[in-house]
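Quick notes on the structure that follows.
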Amino acid sequence: METRDARSLPAVAQEDLRKKVLKAIQEGKKQVEVAKLFGVTRQAVGRWVKKYREGGEKALRAKKRGRPKGRSLEPWQAAQIAKAIVDHYPEQLKLPFYLWTREAVADLIKNRFGIRLSRWTVGRYLSGWGFSPQKPIRKAFEQDPEKVRYWLETKYPEIQRRALRQRAEIYWGDEMGLRSDHATGRSYGRKGQTPVIPGTGQRFRCNMISVITNRGKLYFMIFKEGFSSQIFIDFLKRLVKQVPHHIFLIIDRHPVHRSSPVQKCLREKEDRIQVFWLPPYSPELNPDENLNQDVKSNAVGRRRPHHQDDLVKNVRSYLYSRQRKPQLVKKYFHKENVRYAAI
């Protein structure tokens, strides 16, 4: 007999079929024999037998089809939830989540209004409210919102005006370390078989310093040793030689940047370069961080260096390509957190 898909039957007919199959098995027939007798698969019979053993005859009953009908949120309730997501982190609302996921929002709705919603229903609500899943920007607990506000509203506009008066160029600088085992992105593979990426078992690294402007200029230096005052001084001297204009350099408060040798160098070259400090714990305000992420993702994360010189070569080659495309450098200033520096 040809087997049929029992799921195509009406719910009541499915229930009747399951009961007849179980009755036949209880009368001593084998599962294979019963499957042939009723024209269903052996796997289906096995599932029904398992359900019966776990939940009795109740587990064989027909279930309602279609999207489950549950309570929906009133407009004022939806507005409260959307505002809570924008204004708070889950932890601030005593939820056991680090990020706003569909599960976290479902818990918030249940806690506030006693309404249980599935993750799919919550997802539809979030989409309707204009929310989408995004990679969050990391912000340190130690960051002072008042200092950030002062920087955005007062300090940086003042730097812009000074740069205009003195015909100076504003550069944003940063440095970072690059490791050979950094990986990014995903690779397709068969389900249950994690893709294997060949690469050296050794770990090595290099470091880079870079500065960019909102006009698309990019200067950098790659080095193998650790970041030190002398390294930074060498970079500053190179930068002054390469840039004919007066330089306003905006950087973070790294100990090397504030070291005595560096401060002495800056005093000696104050007619060519001046340094301004970003607010503490505020890397998201620095457009050069976007260059860092670009290099990590594309110059390191998608290529497999075999030794340190190979890593240095990959990074240097990628940065040279970026230097030749100022329109791409300008795009580092397009993200929302650094858009204030794009003009």
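Here, A, B, ... name the chains of the structure tokens in the order displayed, residue numbers run from 1 inside each chain, and ligands are numbered from 1 in the same displayed order.
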
| said: I'd like the neighbourhood of stretch 16-32 of chain A as a list in words, where a residue qualifies if any of its atoms comes within 7 Å (using only C-alpha atoms), though same-chain residues fewer than 2 positions away should be ignored. | reply: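 In the requested format, the answer is Val12, Ala13, Gln14, Val34, Ala35, Lys36, Arg42, Val45, Trp48, Val49 and Leu60 of chain A.
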
| Skipping near chain neighbours, those fewer than 4 positions away, what residues fall within 12 Å of A:Asp294 using only C-alpha atoms, listed as a PyMOL selection string? | chain A and resi 178+184+287-290+298-302+315+318-319+322+328-329+331-332

| Which residue, A:Arg238, A:Ser259, A:Leu266, A:Gln143, has the smallest gap to A:Pro283 when you use only C-alpha atoms? |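 That would be A:Gln143, the residue with the smallest distance to A:Pro283.
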
| task | Might you pull out every residue within 9 Å of A:Glu175, with only C-alpha atoms counted and same-chain residues fewer than 5 positions away left off, and present them as a VMD selection string? | result | chain A and resid 207 to 211 227 288 to 289 292

| request: Report as a VMD selection string: the residues of stretch 270-304 of chain A with a DSSP assignment of strand (DSSP E or B), based on the backbone of this structure. | output: chain A and resid 273 to 277

I need the residues of stretch 225-279 of chain A that end up classed as alpha helix (DSSP H) by DSSP on the backbone, written out as a PDB file with N, CA and C atoms, in the first residue's frame.
ATOM      1  N   SER A 229      56.529  55.160  23.873  1.00  0.00           N
ATOM      2  CA  SER A 229      56.666  56.598  23.646  1.00  0.00           C
ATOM      3  C   SER A 229      57.518  56.878  22.421  1.00  0.00           C
ATOM      4  N   GLN A 230      58.598  56.126  22.256  1.00  0.00           N
ATOM      5  CA  GLN A 230      59.493  56.367  21.122  1.00  0.00           C
ATOM      6  C   GLN A 230      58.810  56.039  19.798  1.00  0.00           C
ATOM      7  N   ILE A 231      58.024  54.977  19.773  1.00  0.00           N
ATOM      8  CA  ILE A 231      57.274  54.634  18.562  1.00  0.00           C
ATOM      9  C   ILE A 231      56.326  55.768  18.195  1.00  0.00           C
ATOM     10  N   PHE A 232      55.618  56.279  19.194  1.00  0.00           N
ATOM     11  CA  PHE A 232      54.650  57.340  18.923  1.00  0.00           C
ATOM     12  C   PHE A 232      55.346  58.629  18.487  1.00  0.00           C
ATOM     13  N   ILE A 233      56.477  58.919  19.094  1.00  0.00           N
ATOM     14  CA  ILE A 233      57.248  60.108  18.704  1.00  0.00           C
ATOM     15  C   ILE A 233      57.724  59.980  17.258  1.00  0.00           C
ATOM     16  N   ASP A 234      58.199  58.790  16.894  1.00  0.00           N
ATOM     17  CA  ASP A 234      58.642  58.572  15.510  1.00  0.00           C
ATOM     18  C   ASP A 234      57.483  58.797  14.528  1.00  0.00           C
ATOM     19  N   PHE A 235      56.308  58.333  14.914  1.00  0.00           N
ATOM     20  CA  PHE A 235      55.148  58.520  14.046  1.00  0.00           C
ATOM     21  C   PHE A 235      54.789  60.004  13.924  1.00  0.00           C
ATOM     22  N   LEU A 236      54.824  60.726  15.042  1.00  0.00           N
ATOM     23  CA  LEU A 236      54.505  62.155  15.006  1.00  0.00           C
ATOM     24  C   LEU A 236      55.482  62.920  14.101  1.00  0.00           C
ATOM     25  N   LYS A 237      56.753  62.570  14.191  1.00  0.00           N
ATOM     26  CA  LYS A 237      57.753  63.238  13.358  1.00  0.00           C
ATOM     27  C   LYS A 237      57.508  62.955  11.876  1.00  0.00           C
ATOM     28  N   ARG A 238      57.170  61.713  11.562  1.00  0.00           N
ATOM     29  CA  ARG A 238      56.854  61.366  10.173  1.00  0.00           C
ATOM     30  C   ARG A 238      55.616  62.113   9.695  1.00  0.00           C
ATOM     31  N   LEU A 239      54.619  62.206  10.560  1.00  0.00           N
ATOM     32  CA  LEU A 239      53.373  62.873  10.182  1.00  0.00           C
ATOM     33  C   LEU A 239      53.613  64.352   9.882  1.00  0.00           C
ATOM     34  N   VAL A 240      54.413  64.999  10.725  1.00  0.00           N
ATOM     35  CA  VAL A 240      54.715  66.423  10.517  1.00  0.00           C
ATOM     36  C   VAL A 240      55.441  66.638   9.182  1.00  0.00           C
ATOM     37  N   LYS A 241      56.330  65.698   8.814  1.00  0.00           N
ATOM     38  CA  LYS A 241      57.044  65.824   7.542  1.00  0.00           C
ATOM     39  C   LYS A 241      56.107  65.641   6.346  1.00  0.00           C
ATOM     40  N   GLN A 242      55.130  64.749   6.496  1.00  0.00           N
ATOM     41  CA  GLN A 242      54.247  64.421   5.377  1.00  0.00           C
ATOM     42  C   GLN A 242      53.138  65.445   5.162  1.00  0.00           C
ATOM     43  N   SER A 260      55.824  61.699  29.413  1.00  0.00           N
ATOM     44  CA  SER A 260      56.709  62.875  29.422  1.00  0.00           C
ATOM     45  C   SER A 260      57.489  63.046  28.121  1.00  0.00           C
ATOM     46  N   PRO A 261      58.081  61.968  27.560  1.00  0.00           N
ATOM     47  CA  PRO A 261      58.811  62.145  26.289  1.00  0.00           C
ATOM     48  C   PRO A 261      57.906  62.650  25.170  1.00  0.00           C
ATOM     49  N   VAL A 262      56.678  62.151  25.114  1.00  0.00           N
ATOM     50  CA  VAL A 262      55.755  62.591  24.064  1.00  0.00           C
ATOM     51  C   VAL A 262      55.372  64.050  24.266  1.00  0.00           C
ATOM     52  N   GLN A 263      55.110  64.435  25.493  1.00  0.00           N
ATOM     53  CA  GLN A 263      54.742  65.830  25.771  1.00  0.00           C
ATOM     54  C   GLN A 263      55.891  66.779  25.436  1.00  0.00           C
ATOM     55  N   LYS A 264      57.109  66.328  25.689  1.00  0.00           N
ATOM     56  CA  LYS A 264      58.276  67.144  25.350  1.00  0.00           C
ATOM     57  C   LYS A 264      58.372  67.325  23.835  1.00  0.00           C
ATOM     58  N   CYS A 265      58.143  66.235  23.094  1.00  0.00           N
ATOM     59  CA  CYS A 265      58.174  66.292  21.628  1.00  0.00           C
ATOM     60  C   CYS A 265      57.109  67.249  21.110  1.00  0.00           C
ATOM     61  N   LEU A 266      55.925  67.200  21.685  1.00  0.00           N
ATOM     62  CA  LEU A 266      54.825  68.075  21.248  1.00  0.00           C
ATOM     63  C   LEU A 266      55.131  69.549  21.522  1.00  0.00           C
ATOM     64  N   ARG A 267      55.785  69.811  22.652  1.00  0.00           N
ATOM     65  CA  ARG A 267      56.152  71.211  22.953  1.00  0.00           C
ATOM     66  C   ARG A 267      57.164  71.737  21.936  1.00  0.00           C
ATOM     67  N   GLU A 268      58.077  70.844  21.535  1.00  0.00           N
ATOM     68  CA  GLU A 268      59.094  71.250  20.556  1.00  0.00           C
ATOM     69  C   GLU A 268      58.491  71.504  19.169  1.00  0.00           C
TER      70      GLU A 268
END

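Of the listed residues (A:Gly173, A:Leu126, A:Ile115, A:Pro10), A:Leu126 comes nearest to A:Lys83; the distances count only C-alpha atoms.
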
| task | Name the residues in contact with A:Ala342 at a cut-off of 7 Å, using only C-alpha atoms, excluding same-chain residues fewer than 4 positions from it; report them as a ChimeraX atom specification. | result | /A:214,333-334

Take the residues from that selection and write them out as a PDB file, in the first residue's frame, keeping C-alpha atoms.
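Result written to selection.pdb:
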ATOM      1  CA  ASN A 214      37.066  63.732   6.980  1.00  0.00           C
ATOM      2  CA  PHE A 333      32.759  59.336   9.237  1.00  0.00           C
ATOM      3  CA  HIS A 334      29.270  58.304   8.094  1.00  0.00           C
TER       4      HIS A 334
END

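Using only C-alpha atoms, the residues found no farther than 8 Å from A:Asn337, other than those of its own chain fewer than 3 positions away, are Glu284, Leu285 and Tyr340 of chain A.
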
| request: Kindly give the distance, in Å, that separates atom CA of A:Lys330 and atom CA of A:Thr213, rounded to a single decimal. | output: 7.5 Å

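Candidate residues A:Leu99, A:Arg316, A:Phe131, A:Leu108 were compared for distance to A:Ala84, and the nearest is A:Leu108, using only C-alpha atoms.
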
Neighbour list for stretch 145-149 of chain A as an mmCIF file with N, CA and C atoms, in the first residue's frame, cut-off 10 Å, only C-alpha atoms, skip fewer than 6 positions in-chain:
data_model
loop_
_atom_site.group_PDB
_atom_site.id
_atom_site.type_symbol
_atom_site.label_atom_id
_atom_site.label_comp_id
_atom_site.auth_asym_id
_atom_site.auth_seq_id
_atom_site.Cartn_x
_atom_site.Cartn_y
_atom_site.Cartn_z
ATOM 1 N N LYS A 155 33.291 71.497 23.037
ATOM 2 C CA LYS A 155 34.721 71.351 22.794
ATOM 3 C C LYS A 155 35.046 71.140 21.322
ATOM 4 N N LEU A 278 40.134 63.162 23.485
ATOM 5 C CA LEU A 278 38.747 62.711 23.508
ATOM 6 C C LEU A 278 38.291 62.519 24.954
ATOM 7 N N PRO A 279 36.971 62.529 25.213
ATOM 8 C CA PRO A 279 36.489 62.225 26.569
ATOM 9 C C PRO A 279 36.932 60.824 26.983
ATOM 10 N N PRO A 280 37.203 60.615 28.264
ATOM 11 C CA PRO A 280 37.642 59.282 28.716
ATOM 12 C C PRO A 280 36.613 58.197 28.386
ATOM 13 N N TYR A 281 37.120 57.005 28.059
ATOM 14 C CA TYR A 281 36.285 55.819 27.790
ATOM 15 C C TYR A 281 35.251 56.081 26.695
ATOM 16 N N SER A 282 35.664 56.748 25.632
ATOM 17 C CA SER A 282 34.718 57.081 24.561
ATOM 18 C C SER A 282 35.276 56.741 23.176
ATOM 19 N N LEU A 285 33.452 57.641 19.785
ATOM 20 C CA LEU A 285 33.437 58.997 19.233
ATOM 21 C C LEU A 285 34.579 59.226 18.245
#

| request: Can you pull out every residue within 12 Å of A:Phe276, counting only C-alpha atoms, but drop anything in the same chain fewer than 4 positions away, and send it as a ChimeraX atom specification? | output: /A:151,155-156,158-160,162-163,170-173,247-253,257-258,266
